[in-house]
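Here is the file run18.csv (CSV, C-alpha atoms and all ligand atoms).
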```csv
chain,number,residue,atom,x,y,z
A,1304,MET,CA,-16.2,-8.2,-18.0
A,1305,THR,CA,-14.2,-7.1,-21.1
A,1306,LYS,CA,-10.8,-8.3,-22.0
A,1307,GLU,CA,-9.4,-4.9,-21.0
A,1308,THR,CA,-10.7,-5.2,-17.4
A,1309,THR,CA,-10.1,-8.9,-17.0
A,1310,TYR,CA,-6.4,-8.6,-17.7
A,1311,ALA,CA,-3.8,-6.4,-16.1
A,1312,ILE,CA,-2.2,-5.7,-19.5
A,1313,VAL,CA,-3.6,-6.1,-23.0
A,1314,VAL,CA,-1.2,-5.4,-25.9
A,1315,GLU,CA,-2.7,-5.5,-29.4
A,1316,LYS,CA,-0.7,-5.2,-32.6
A,1317,LEU,CA,1.9,-3.0,-31.0
A,1318,THR,CA,4.5,-1.6,-33.4
A,1319,LYS,CA,7.3,0.9,-32.8
A,1320,ARG,CA,9.5,2.4,-35.4
A,1321,TYR,CA,12.6,4.6,-34.9
A,1322,GLY,CA,12.9,6.2,-38.3
A,1323,GLU,CA,13.7,3.3,-40.6
A,1324,LEU,CA,14.2,0.8,-37.8
A,1325,LEU,CA,11.3,-1.4,-36.9
A,1326,ALA,CA,12.1,-2.0,-33.2
A,1327,VAL,CA,8.8,-3.7,-32.2
A,1328,ASN,CA,6.8,-5.4,-35.0
A,1329,ASP,CA,3.1,-6.1,-34.4
A,1330,ILE,CA,3.2,-7.8,-31.1
A,1331,SER,CA,0.1,-8.9,-29.1
A,1332,PHE,CA,-0.3,-10.6,-25.7
A,1333,THR,CA,-2.2,-10.4,-22.4
A,1334,VAL,CA,-0.9,-10.4,-18.9
A,1335,GLY,CA,-3.2,-11.7,-16.2
A,1336,LYS,CA,-3.6,-10.0,-12.8
A,1337,GLY,CA,-1.1,-11.4,-10.3
A,1338,GLU,CA,0.9,-13.0,-13.1
A,1339,VAL,CA,4.7,-12.8,-13.5
A,1340,PHE,CA,5.2,-12.2,-17.2
A,1341,ALA,CA,8.8,-12.3,-18.7
A,1342,LEU,CA,9.8,-10.8,-22.0
A,1343,LEU,CA,12.9,-12.9,-22.8
A,1344,GLY,CA,15.2,-11.9,-25.6
A,1345,PRO,CA,18.8,-10.9,-26.5
A,1346,ASN,CA,20.3,-7.4,-26.7
A,1347,GLY,CA,18.4,-5.1,-29.1
A,1348,ALA,CA,15.3,-7.4,-29.4
A,1349,GLY,CA,12.9,-4.7,-28.4
A,1350,LYS,CA,12.3,-5.4,-24.7
A,1351,THR,CA,12.9,-2.0,-23.3
A,1352,THR,CA,11.0,-0.3,-26.2
A,1353,SER,CA,8.0,-2.6,-25.4
A,1354,VAL,CA,8.1,-2.2,-21.7
A,1355,GLU,CA,8.5,1.6,-21.9
A,1356,ILE,CA,5.5,1.8,-24.2
A,1357,ILE,CA,3.4,-0.3,-21.8
A,1358,ASP,CA,4.5,1.7,-18.7
A,1359,THR,CA,3.6,5.1,-20.5
A,1360,ILE,CA,7.2,6.4,-21.0
A,1361,ARG,CA,7.4,6.0,-24.8
A,1362,ALA,CA,4.7,6.4,-27.4
A,1363,PRO,CA,3.8,3.6,-29.8
A,1364,THR,CA,3.8,4.0,-33.6
A,1365,SER,CA,0.7,2.0,-33.9
A,1366,GLY,CA,-1.4,-0.6,-31.9
A,1367,LYS,CA,-3.1,-0.4,-28.6
A,1368,VAL,CA,-2.0,-1.0,-25.1
A,1369,THR,CA,-4.5,-1.2,-22.1
A,1370,LEU,CA,-3.1,-1.2,-18.6
A,1371,LEU,CA,-5.5,-1.8,-15.7
A,1372,GLY,CA,-8.3,-1.0,-18.1
A,1373,MET,CA,-6.8,2.3,-19.2
A,1374,ASP,CA,-5.4,3.2,-22.6
A,1375,VAL,CA,-1.7,4.0,-22.0
A,1376,THR,CA,-1.6,6.8,-24.4
A,1377,LYS,CA,-4.6,8.6,-22.9
A,1378,ARG,CA,-4.6,8.0,-19.1
A,1379,LYS,CA,-0.9,8.4,-18.3
A,1380,TYR,CA,-1.5,10.4,-15.1
A,1381,ASP,CA,-3.9,7.8,-13.7
A,1382,ILE,CA,-1.8,4.9,-14.7
A,1383,VAL,CA,1.5,6.0,-13.2
A,1384,ARG,CA,0.0,6.2,-9.7
A,1385,ARG,CA,-0.9,2.5,-9.9
A,1386,ILE,CA,2.4,1.1,-11.3
A,1387,GLY,CA,6.0,0.9,-10.3
A,1388,VAL,CA,9.0,1.0,-12.6
A,1389,LEU,CA,12.6,-0.2,-12.3
A,1390,PRO,CA,14.2,1.2,-15.5
A,1391,GLN,CA,17.1,-0.6,-17.2
A,1392,GLY,CA,20.4,0.7,-15.8
A,1393,PHE,CA,18.8,2.2,-12.7
A,1394,SER,CA,20.9,4.7,-10.8
A,1395,SER,CA,20.3,6.9,-7.8
A,1396,PHE,CA,21.8,9.8,-5.7
A,1397,ASP,CA,25.4,8.9,-4.9
A,1398,ARG,CA,25.7,10.4,-1.4
A,1399,ILE,CA,22.2,9.8,-0.1
A,1400,THR,CA,21.6,6.8,2.2
A,1401,VAL,CA,19.2,4.0,1.5
A,1402,ARG,CA,16.7,5.3,4.1
A,1403,GLU,CA,17.0,8.9,2.9
A,1404,THR,CA,16.5,7.9,-0.7
A,1405,LEU,CA,13.3,6.0,0.1
A,1406,GLN,CA,12.0,8.8,2.3
A,1407,PHE,CA,12.6,11.2,-0.6
A,1408,TYR,CA,10.7,9.0,-3.1
A,1409,LEU,CA,7.9,8.5,-0.6
A,1410,ARG,CA,7.5,12.3,-0.5
A,1411,LEU,CA,7.9,12.6,-4.2
A,1412,PHE,CA,5.0,10.2,-4.9
A,1413,CYS,CA,2.9,11.5,-1.9
A,1414,CYS,CA,3.0,8.1,-0.2
A,1415,MET,CA,3.6,9.2,3.3
A,1416,ASN,CA,1.4,6.3,4.7
A,1417,THR,CA,3.7,3.7,3.2
A,1418,ASP,CA,5.5,1.7,5.9
A,1419,ILE,CA,9.1,2.4,5.0
A,1420,ASP,CA,10.5,-0.3,7.3
A,1421,ALA,CA,8.2,-3.0,5.8
A,1422,LEU,CA,9.5,-1.9,2.4
A,1423,ILE,CA,13.2,-2.1,3.5
A,1424,GLU,CA,12.4,-5.5,4.9
A,1425,LEU,CA,10.8,-6.7,1.7
A,1426,VAL,CA,13.9,-5.9,-0.3
A,1427,ASN,CA,16.2,-7.2,2.5
A,1428,LEU,CA,18.1,-4.0,3.0
A,1429,LYS,CA,17.7,-3.7,6.8
A,1430,ASP,CA,21.4,-3.8,7.5
A,1431,LYS,CA,22.1,-1.1,4.8
A,1432,THR,CA,19.8,1.7,5.7
A,1433,LYS,CA,22.6,4.1,6.6
A,1434,GLU,CA,24.8,3.2,3.6
A,1435,GLN,CA,25.2,5.8,0.8
A,1436,TYR,CA,24.2,4.7,-2.7
A,1437,LYS,CA,27.7,5.0,-4.0
A,1438,ASN,CA,28.9,2.4,-1.5
A,1439,LEU,CA,26.3,-0.3,-2.4
A,1440,SER,CA,27.2,-3.3,-4.6
A,1441,GLY,CA,25.3,-3.9,-7.8
A,1442,GLY,CA,22.8,-6.3,-6.2
A,1443,LEU,CA,22.1,-3.9,-3.3
A,1444,ARG,CA,21.6,-1.0,-5.8
A,1445,GLN,CA,19.1,-3.1,-7.8
A,1446,ARG,CA,17.2,-4.0,-4.6
A,1447,LEU,CA,17.0,-0.3,-3.7
A,1448,GLY,CA,15.7,0.3,-7.2
A,1449,ILE,CA,13.0,-2.3,-6.6
A,1450,ALA,CA,12.1,-0.7,-3.3
A,1451,ILE,CA,11.7,2.7,-5.1
A,1452,ALA,CA,9.4,1.0,-7.6
A,1453,LEU,CA,7.3,-0.2,-4.8
A,1454,VAL,CA,6.8,3.1,-2.8
A,1455,ASN,CA,3.3,3.6,-4.0
A,1456,ASP,CA,2.3,0.0,-3.4
A,1457,PRO,CA,1.7,-0.5,-7.1
A,1458,GLU,CA,-0.6,-3.1,-8.7
A,1459,VAL,CA,1.7,-3.7,-11.6
A,1460,VAL,CA,5.5,-3.6,-11.3
A,1461,PHE,CA,7.8,-3.3,-14.4
A,1462,LEU,CA,11.4,-4.5,-14.0
A,1463,ASP,CA,13.6,-4.0,-17.0
A,1464,GLU,CA,16.6,-6.4,-16.7
A,1465,PRO,CA,16.7,-6.3,-12.9
A,1466,THR,CA,19.7,-8.7,-12.6
A,1467,THR,CA,21.9,-7.9,-15.7
A,1468,GLY,CA,25.5,-7.4,-14.7
A,1469,LEU,CA,25.1,-9.0,-11.3
A,1470,ASP,CA,27.2,-12.0,-10.2
A,1471,PRO,CA,25.3,-15.3,-9.6
A,1472,ARG,CA,24.9,-14.8,-5.9
A,1473,ALA,CA,23.6,-11.2,-6.2
A,1474,ARG,CA,21.3,-12.4,-8.9
A,1475,ARG,CA,19.8,-15.0,-6.6
A,1476,GLU,CA,19.3,-12.4,-3.9
A,1477,VAL,CA,17.3,-10.3,-6.3
A,1478,TRP,CA,15.3,-13.4,-7.3
A,1479,GLU,CA,14.4,-13.9,-3.6
A,1480,VAL,CA,12.9,-10.4,-3.6
A,1481,LEU,CA,11.0,-11.0,-6.8
A,1482,LEU,CA,9.6,-14.3,-5.5
A,1483,GLY,CA,8.4,-12.2,-2.5
A,1484,LEU,CA,6.5,-9.9,-4.9
A,1485,LYS,CA,5.0,-12.9,-6.6
A,1486,GLU,CA,3.8,-14.2,-3.2
A,1487,LYS,CA,2.2,-10.8,-2.5
A,1488,GLY,CA,0.1,-11.2,-5.6
A,1489,LYS,CA,1.7,-8.3,-7.6
A,1490,THR,CA,1.5,-8.4,-11.3
A,1491,VAL,CA,5.1,-8.4,-12.4
A,1492,PHE,CA,6.3,-7.5,-16.0
A,1493,LEU,CA,9.9,-8.5,-16.3
A,1494,THR,CA,12.4,-8.3,-19.1
A,1495,THR,CA,15.5,-10.4,-19.1
A,1496,HIS,CA,18.0,-12.2,-21.3
A,1497,TYR,CA,18.7,-14.8,-18.6
A,1498,MET,CA,16.7,-17.9,-19.3
A,1499,GLU,CA,17.1,-19.3,-15.8
A,1500,GLU,CA,15.5,-16.1,-14.5
A,1501,ALA,CA,12.5,-16.5,-16.8
A,1502,GLU,CA,12.3,-20.2,-16.0
A,1503,LEU,CA,12.4,-19.7,-12.3
A,1504,LEU,CA,10.2,-16.6,-11.9
A,1505,ALA,CA,7.7,-16.4,-14.7
A,1506,ASP,CA,4.3,-17.9,-15.1
A,1507,THR,CA,4.3,-16.9,-18.8
A,1508,VAL,CA,7.4,-16.2,-21.0
A,1509,ALA,CA,7.2,-14.4,-24.3
A,1510,ILE,CA,10.4,-14.9,-26.4
A,1511,ILE,CA,11.2,-11.8,-28.4
A,1512,SER,CA,13.6,-11.7,-31.3
A,1513,LYS,CA,14.2,-8.8,-33.7
A,1514,GLY,CA,11.0,-7.1,-32.5
A,1515,GLU,CA,8.7,-10.1,-32.9
A,1516,ILE,CA,7.3,-12.5,-30.3
A,1517,ILE,CA,8.3,-15.9,-31.7
A,1518,ALA,CA,6.9,-18.1,-28.9
A,1519,MET,CA,4.9,-17.7,-25.8
A,1520,GLY,CA,3.7,-19.9,-22.9
A,1521,SER,CA,4.6,-21.2,-19.5
A,1522,PRO,CA,8.3,-22.3,-19.4
A,1523,GLY,CA,7.1,-25.9,-19.3
A,1524,GLU,CA,4.9,-25.4,-22.4
A,1525,LEU,CA,7.6,-23.7,-24.3
A,1526,ILE,CA,10.0,-26.5,-23.6
A,1527,GLU,CA,7.4,-29.2,-24.3
A,1528,ASN,CA,6.2,-27.7,-27.6
A,1529,ASN,CA,9.6,-26.9,-29.0
A,1530,THR,CA,12.0,-29.6,-27.9
A,1531,LYS,CA,11.3,-33.3,-28.0
A,1532,TYR,CA,14.4,-34.9,-26.5
A,1533,LEU,CA,16.2,-35.8,-23.3
A,1534,ASP,CA,20.0,-35.7,-22.8
A,1535,LEU,CA,21.2,-38.8,-21.0
A,1536,THR,CA,24.7,-38.9,-19.5
A,1537,LEU,CA,26.1,-42.2,-18.2
A,1538,GLN,CA,29.1,-41.5,-16.0
A,1539,SER,CA,32.2,-43.6,-15.7
A,1540,VAL,CA,31.1,-46.3,-18.1
A,1541,ASP,CA,33.2,-49.2,-19.2
A,1542,GLU,CA,34.0,-49.6,-22.9
A,1543,LYS,CA,31.4,-52.3,-23.5
A,1544,ALA,CA,28.6,-49.8,-22.7
A,1545,PHE,CA,29.4,-47.4,-25.5
A,1546,GLU,CA,29.2,-50.2,-28.1
A,1547,VAL,CA,25.9,-51.4,-26.6
A,1548,VAL,CA,24.4,-48.0,-27.0
A,1549,ARG,CA,25.8,-47.5,-30.5
A,1550,LYS,CA,24.5,-50.9,-31.7
A,1551,MET,CA,21.0,-49.9,-30.5
A,1552,GLY,CA,20.9,-47.3,-33.2
A,1553,PHE,CA,21.6,-44.2,-31.0
A,1554,ASP,CA,24.3,-41.8,-31.7
A,1555,PRO,CA,26.4,-41.6,-28.4
A,1556,LEU,CA,29.4,-39.4,-27.7
A,1557,LEU,CA,32.2,-40.4,-25.5
A,1558,ASP,CA,33.2,-37.5,-23.2
A,1559,ASN,CA,36.5,-37.5,-21.4
A,1560,HIS,CA,37.0,-41.2,-22.3
A,1561,ARG,CA,34.6,-42.1,-19.5
A,1562,ASP,CA,31.1,-40.6,-19.9
A,1563,ILE,CA,28.6,-41.4,-22.6
A,1564,LYS,CA,26.3,-38.6,-23.7
A,1565,VAL,CA,23.3,-39.6,-25.8
A,1566,ARG,CA,20.2,-37.6,-27.0
A,1567,VAL,CA,17.0,-39.6,-26.9
A,1568,GLU,CA,13.4,-38.9,-27.7
A,1569,HIS,CA,11.5,-40.6,-24.9
A,1570,THR,CA,12.0,-41.7,-21.3
A,1571,ASP,CA,11.3,-45.2,-22.6
A,1572,ASP,CA,14.6,-45.0,-24.6
A,1573,VAL,CA,16.4,-44.2,-21.3
A,1574,GLN,CA,14.9,-47.4,-19.8
A,1575,LYS,CA,15.9,-49.4,-22.9
A,1576,ILE,CA,19.5,-48.2,-22.8
A,1577,LEU,CA,19.9,-48.9,-19.1
A,1578,SER,CA,18.4,-52.4,-19.5
A,1579,ALA,CA,20.6,-53.2,-22.5
A,1580,ILE,CA,23.7,-52.1,-20.7
A,1581,LYS,CA,22.8,-54.3,-17.7
A,1582,ASP,CA,22.0,-57.3,-19.9
A,1583,ALA,CA,25.5,-56.9,-21.6
A,1584,GLY,CA,27.1,-57.0,-18.2
A,1585,ALA,CA,28.5,-53.5,-18.7
A,1586,LEU,CA,28.9,-51.0,-15.9
A,1587,TYR,CA,28.4,-47.3,-15.2
A,1588,LEU,CA,28.7,-45.4,-11.9
A,1589,GLY,CA,26.2,-42.6,-12.3
A,1590,LEU,CA,23.6,-41.2,-14.6
A,1591,ASP,CA,21.9,-37.9,-15.3
A,1592,VAL,CA,18.8,-37.3,-17.5
A,1593,ARG,CA,18.4,-33.6,-18.4
A,1594,LYS,CA,15.4,-32.0,-20.1
A,1595,PRO,CA,16.1,-29.1,-22.5
A,1596,ASN,CA,15.8,-25.6,-21.1
A,1597,LEU,CA,14.6,-22.2,-22.5
A,1598,GLU,CA,18.1,-21.5,-23.8
A,1599,GLU,CA,17.7,-24.5,-26.1
A,1600,VAL,CA,14.2,-23.4,-27.1
A,1601,PHE,CA,15.6,-20.0,-28.0
A,1602,LEU,CA,18.5,-21.5,-30.0
A,1603,LYS,CA,16.1,-23.8,-31.9
A,1604,LEU,CA,13.7,-21.0,-32.8
A,1605,THR,CA,16.2,-18.4,-33.8
A,1606,GLY,CA,19.4,-20.3,-34.5
A,1607,GLU,CA,21.2,-17.9,-32.1
A,1608,ALA,CA,22.3,-18.2,-28.5
A,1609,LEU,CA,21.0,-15.9,-25.8
A,1610,HIS,CA,23.9,-13.8,-24.5
A,1611,ASP,CA,24.7,-14.8,-20.9
A,1612,GLY,CA,27.7,-13.1,-19.5
A,1613,TYR,CA,28.0,-11.1,-16.2
A,1614,VAL,CA,30.3,-8.4,-15.1
A,1615,GLU,CA,31.9,-8.5,-11.6
A,1616,GLU,CA,30.1,-6.5,-9.0
A,1617,LYS,CA,31.6,-3.2,-7.8
A,1618,GLY,CA,31.9,-2.5,-4.1
A,1619,ALA,CA,31.4,-4.7,-1.0
A,1620,GLU,CA,28.2,-6.5,-0.1
U,1701,LIG,N1,15.2,5.9,-28.6
U,1701,LIG,C1,15.7,5.2,-29.6
U,1701,LIG,N2,16.0,5.7,-30.8
U,1701,LIG,C2,16.4,5.0,-31.8
U,1701,LIG,N3,16.6,3.7,-31.8
U,1701,LIG,C3,16.3,3.1,-30.6
U,1701,LIG,C4,15.9,3.8,-29.4
U,1701,LIG,N4,15.7,2.9,-28.4
U,1701,LIG,C5,16.1,1.7,-28.9
U,1701,LIG,N5,16.4,1.8,-30.2
U,1701,LIG,C6,16.8,0.7,-31.1
U,1701,LIG,O1,15.7,-0.2,-31.1
U,1701,LIG,C7,16.1,-1.6,-31.0
U,1701,LIG,C8,15.5,-2.2,-29.8
U,1701,LIG,O2,16.0,-1.6,-28.7
U,1701,LIG,P1,15.6,-2.0,-27.2
U,1701,LIG,O3,16.4,-1.1,-26.3
U,1701,LIG,O4,14.1,-1.9,-27.1
U,1701,LIG,O5,16.1,-3.5,-27.1
U,1701,LIG,P2,16.3,-4.4,-25.8
U,1701,LIG,O6,15.7,-5.7,-26.1
U,1701,LIG,O7,15.8,-3.7,-24.6
U,1701,LIG,O8,17.9,-4.5,-25.7
U,1701,LIG,P3,18.9,-4.6,-24.4
U,1701,LIG,O9,18.8,-6.1,-24.0
U,1701,LIG,O10,20.2,-4.3,-25.0
U,1701,LIG,O11,18.4,-3.7,-23.4
U,1701,LIG,C9,17.6,-1.6,-31.0
U,1701,LIG,O12,18.1,-1.7,-32.3
U,1701,LIG,C10,18.0,-0.2,-30.5
U,1701,LIG,O13,19.2,0.3,-31.0
U,1702,MG,MG,16.7,-3.1,-22.9
```
Give the structure from the file, written as C-alpha cells.
Amino acid sequence: MTKETTYAIVVEKLTKRYGELLAVNDISFTVGKGEVFALLGPNGAGKTTSVEIIDTIRAPTSGKVTLLGMDVTKRKYDIVRRIGVLPQGFSSFDRITVRETLQFYLRLFCCMNTDIDALIELVNLKDKTKEQYKNLSGGLRQRLGIAIALVNDPEVVFLDEPTTGLDPRARREVWEVLLGLKEKGKTVFLTTHYMEEAELLADTVAIISKGEIIAMGSPGELIENNTKYLDLTLQSVDEKAFEVVRKMGFDPLLDNHRDIKVRVEHTDDVQKILSAIKDAGALYLGLDVRKPNLEEVFLKLTGEALHDGYVEEKGAE
C-alpha cells in the first residue's frame, strides 16, 4: 500500500498565494482513515484556504493533495461524491423546513436511498423537522448544515468552524453530533479556533499560525511536548502556608488574600509543598492541580492568544 492509499488525506508542501499574500506556506501532514483531525488557529491563519483546497473548492498555488487516493486537482468529480462539506458561515433556504431542505439535498446529490429519518436522528433534529430555516437558532442551523454534509454518506467530512458564534450550550450540542460521527468511524477534518473543541474531539491537532503549521500531534502530546508545568492552587490557606511555600524557593501568588497559586515543574513538587505545609501546621481547605491546555501551548508557540469570544444566538431553541 502506498502513502496515498493508506491515509484518507495526504498534504505535501501545500502553498497558496493570493497575489502578494502568502496565505498557506508549505504545509505537509497526513490524516488517517477514521481519524478526527483539527486545524486549530486564529482568524486569518489559513484554515479555510487549506480546507477548501483539500475539499476541491480552491486550487493550490503549489504542492500536492491526495484525498482517498485521488489528486484533488485532477479527480474533483469523483472526490465530491465521497466527501461532505460544511462551509464556514453555512446558510440555507429561509422559508424551507428542515425536512424539505434535506429532501432537496438528497435529490440534488442523487441519494434517494439515504434514510432521511436516521440522518435527522443523527443530528438530533427530530423535533424540528417542520421548522423553517429562518426560525432555527444558530446551533440548530449548524446541525442542519452537518446533516446536509452527510446526505451522501461520505467517507470524509469537512467542517469549517462548525461552532463559531454559538453559545456554550449550543456548542456542546454540536460536539455531541460530532462525537457521533467519530463513533461511526467517519474521517473528520475540522477547523476551529476553540482549543476546548480541538482538545475534546480531535485525535490529531495541527496548530496553524500565519499560514504555517507550527506544531502537530495528539492534544496530550502537544501539551506534554510544549509545556512542562502544573498550576497548583491551594484554597483558603492561612498566612503561614504562603511563607512556607515562598521559603521553599517557589514563586507563589496570593489571590483574593486567601488562595495560593503556584506554578511547579513536577507532581513531586506538589507533594513536597503539601507535606511542608502540613509539617508547619498550616492549613488549607481545598486544592486544585491543573495541567496546561492547548490555549497555553498556542500562547507559548506564537506569543499570541487564540481569540475565544462568542456571539449570542438568534432565535429560540
Ligand atoms: N479569496 C481570497 N482572496 C484573497 N485573500 C484571501 C482569500 N481568502 C482568504 N484570503 C486571505 O488569506 C488569509 C487566510 O484566510 P483564511 O480565510 O484561509 O483564514 P482562516 O484561518 O480560515 O480565518 P478565519 O478564522 O477568519 O476563518 C487571510 O489573510 C485572508 O484575508
Ligand atoms: Mg476560515
**Message:** Show me which residues are within 7 Å of ligand MG 1702 (chain U) counting only C-alpha atoms and all ligand atoms, and format the list as a VMD selection string.
**Reply:** chain A and resid 1346 to 1347 1349 to 1351 1391 1463
**Item:** Selection within 10 Å of ligand LIG 1701 (chain U) by all atoms listed in the file, output as a PyMOL selection string
**Value:** chain A and resi 1319-1327+1342-1356+1361+1391-1392+1463-1464+1467+1494-1496+1511-1514+1610
**Residue neighbourhood Ile1330 in chain A, 9 Å, all atoms listed in the file, exclusion window fewer than 5 positions, as a PyMOL selection string** = chain A and resi 1314-1318+1366+1514-1516
Convert the current residue selection to file output with C-alpha atoms, as a PDB file, keeping the file's coordinate frame.
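And here's selection-v1.pdb as it stands now:
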```
ATOM      1  CA  VAL A1314      -1.200  -5.400 -25.900  1.00  0.00           C
ATOM      2  CA  GLU A1315      -2.700  -5.500 -29.400  1.00  0.00           C
ATOM      3  CA  LYS A1316      -0.700  -5.200 -32.600  1.00  0.00           C
ATOM      4  CA  LEU A1317       1.900  -3.000 -31.000  1.00  0.00           C
ATOM      5  CA  THR A1318       4.500  -1.600 -33.400  1.00  0.00           C
ATOM      6  CA  GLY A1366      -1.400  -0.600 -31.900  1.00  0.00           C
ATOM      7  CA  GLY A1514      11.000  -7.100 -32.500  1.00  0.00           C
ATOM      8  CA  GLU A1515       8.700 -10.100 -32.900  1.00  0.00           C
ATOM      9  CA  ILE A1516       7.300 -12.500 -30.300  1.00  0.00           C
TER      10      ILE A1516
END
```
**Request:** Find the residue from A:Lys1575, A:Gly1441, A:Glu1502, A:Asn1455 that sits nearest to Ala1473 in chain A; use only C-alpha atoms when measuring.
**Result:** A:Gly1441
**Test item: which residues lie within 10 Å of (19.3, -23.3, -23.2) counting only C-alpha atoms, as a ChimeraX atom specification** = /A:1497-1499,1526,1595-1603,1608-1609
Include C-alpha atoms and write out the residues we just selected as a PDB file, keeping the file's coordinate frame.
```
ATOM      1  CA  TYR A1497      18.700 -14.800 -18.600  1.00  0.00           C
ATOM      2  CA  MET A1498      16.700 -17.900 -19.300  1.00  0.00           C
ATOM      3  CA  GLU A1499      17.100 -19.300 -15.800  1.00  0.00           C
ATOM      4  CA  ILE A1526      10.000 -26.500 -23.600  1.00  0.00           C
ATOM      5  CA  PRO A1595      16.100 -29.100 -22.500  1.00  0.00           C
ATOM      6  CA  ASN A1596      15.800 -25.600 -21.100  1.00  0.00           C
ATOM      7  CA  LEU A1597      14.600 -22.200 -22.500  1.00  0.00           C
ATOM      8  CA  GLU A1598      18.100 -21.500 -23.800  1.00  0.00           C
ATOM      9  CA  GLU A1599      17.700 -24.500 -26.100  1.00  0.00           C
ATOM     10  CA  VAL A1600      14.200 -23.400 -27.100  1.00  0.00           C
ATOM     11  CA  PHE A1601      15.600 -20.000 -28.000  1.00  0.00           C
ATOM     12  CA  LEU A1602      18.500 -21.500 -30.000  1.00  0.00           C
ATOM     13  CA  LYS A1603      16.100 -23.800 -31.900  1.00  0.00           C
ATOM     14  CA  ALA A1608      22.300 -18.200 -28.500  1.00  0.00           C
ATOM     15  CA  LEU A1609      21.000 -15.900 -25.800  1.00  0.00           C
TER      16      LEU A1609
END
```
**Request:** Taking (23.4, 6.3, -0.4) in the file's own coordinates, collect the residues within 6 Å, counting only C-alpha atoms, and hand them back as a list of chain:residue names.
**Result:**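 So the residues meeting the distance criterion are A:Asp1397, A:Arg1398, A:Ile1399, A:Thr1400, A:Val1401, A:Glu1434, A:Gln1435, A:Tyr1436, A:Lys1437.
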**Message:** Using Å and a single decimal, report how far CA of Ala1505 in chain A sits from CA of Ser1521 in chain A.
**Reply:**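 One can read the CA of Ser1521 in chain A to CA of Ala1505 in chain A distance as 7.5 Å.
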All residues 12 Å or closer to Thr1404 in chain A, all atoms listed in the file, same chain fewer than 4 positions away omitted, as an mmCIF file with C-alpha atoms, keeping the file's coordinate frame:
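Final file, around.cif:
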```
data_model
loop_
_atom_site.group_PDB
_atom_site.id
_atom_site.type_symbol
_atom_site.label_atom_id
_atom_site.label_comp_id
_atom_site.auth_asym_id
_atom_site.auth_seq_id
_atom_site.Cartn_x
_atom_site.Cartn_y
_atom_site.Cartn_z
ATOM 1 C CA SER A 1394 20.900 4.700 -10.800
ATOM 2 C CA SER A 1395 20.300 6.900 -7.800
ATOM 3 C CA PHE A 1396 21.800 9.800 -5.700
ATOM 4 C CA ASP A 1397 25.400 8.900 -4.900
ATOM 5 C CA ARG A 1398 25.700 10.400 -1.400
ATOM 6 C CA ILE A 1399 22.200 9.800 -0.100
ATOM 7 C CA THR A 1400 21.600 6.800 2.200
ATOM 8 C CA TYR A 1408 10.700 9.000 -3.100
ATOM 9 C CA LEU A 1409 7.900 8.500 -0.600
ATOM 10 C CA ARG A 1410 7.500 12.300 -0.500
ATOM 11 C CA LEU A 1411 7.900 12.600 -4.200
ATOM 12 C CA ILE A 1419 9.100 2.400 5.000
ATOM 13 C CA ILE A 1423 13.200 -2.100 3.500
ATOM 14 C CA LYS A 1431 22.100 -1.100 4.800
ATOM 15 C CA THR A 1432 19.800 1.700 5.700
ATOM 16 C CA LYS A 1433 22.600 4.100 6.600
ATOM 17 C CA GLU A 1434 24.800 3.200 3.600
ATOM 18 C CA GLN A 1435 25.200 5.800 0.800
ATOM 19 C CA TYR A 1436 24.200 4.700 -2.700
ATOM 20 C CA ARG A 1444 21.600 -1.000 -5.800
ATOM 21 C CA LEU A 1447 17.000 -0.300 -3.700
ATOM 22 C CA GLY A 1448 15.700 0.300 -7.200
ATOM 23 C CA ALA A 1450 12.100 -0.700 -3.300
ATOM 24 C CA ILE A 1451 11.700 2.700 -5.100
ATOM 25 C CA VAL A 1454 6.800 3.100 -2.800
#
```
**Message:** Please compute the CA of Leu1588 in chain A-CA of Lys1564 in chain A distance, one decimal, in Å.
**Reply:**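 So the two atoms, CA of Leu1588 in chain A and CA of Lys1564 in chain A, lie 13.8 Å apart.
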**Asked** Taking only C-alpha atoms into account, which of A:Ile1517, A:Leu1482, A:Leu1443, A:Val1426 comes nearest Asn1328 in chain A?
**Response**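 Comparing A:Ile1517, A:Leu1482, A:Leu1443, A:Val1426 against Asn1328 in chain A, the winner is A:Ile1517.
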**Prompt:** Do you have the CA of Asp1329 in chain A-CA of Ala1362 in chain A distance handy?
**Reply:** 14.4 Å
With only C-alpha atoms as the counted atoms, please give the residues lying no more than 9 Å from Lys1336 in chain A, apart from itself and same-chain residues fewer than 4 positions off, as a PDB file with C-alpha atoms, in the frame of the given file.
```pdb
ATOM      1  CA  THR A1309     -10.100  -8.900 -17.000  1.00  0.00           C
ATOM      2  CA  TYR A1310      -6.400  -8.600 -17.700  1.00  0.00           C
ATOM      3  CA  ALA A1311      -3.800  -6.400 -16.100  1.00  0.00           C
ATOM      4  CA  ILE A1312      -2.200  -5.700 -19.500  1.00  0.00           C
ATOM      5  CA  LEU A1371      -5.500  -1.800 -15.700  1.00  0.00           C
ATOM      6  CA  GLU A1458      -0.600  -3.100  -8.700  1.00  0.00           C
ATOM      7  CA  VAL A1459       1.700  -3.700 -11.600  1.00  0.00           C
ATOM      8  CA  GLY A1488       0.100 -11.200  -5.600  1.00  0.00           C
ATOM      9  CA  LYS A1489       1.700  -8.300  -7.600  1.00  0.00           C
ATOM     10  CA  THR A1490       1.500  -8.400 -11.300  1.00  0.00           C
ATOM     11  CA  VAL A1491       5.100  -8.400 -12.400  1.00  0.00           C
TER      12      VAL A1491
END
```
**Message:** Just want the 12 Å neighbourhood of Arg1385 in chain A, counted on only C-alpha atoms, with same-chain residues fewer than 3 positions away dropped. Output as a PyMOL selection string.
**Reply:** chain A and resi 1311+1358-1359+1370-1373+1378-1382+1388+1412+1414+1452-1461+1489-1490
**Prompt:** Near Gly1442 in chain A, counting only C-alpha atoms, which residues have an atom at most 12 Å away, once you skip same-chain residues fewer than 2 positions from it, shown as an MDAnalysis selection string?
**Reply:** chainID A and resid 1393 1426:1428 1436 1438:1440 1444:1449 1465:1480 1614:1620
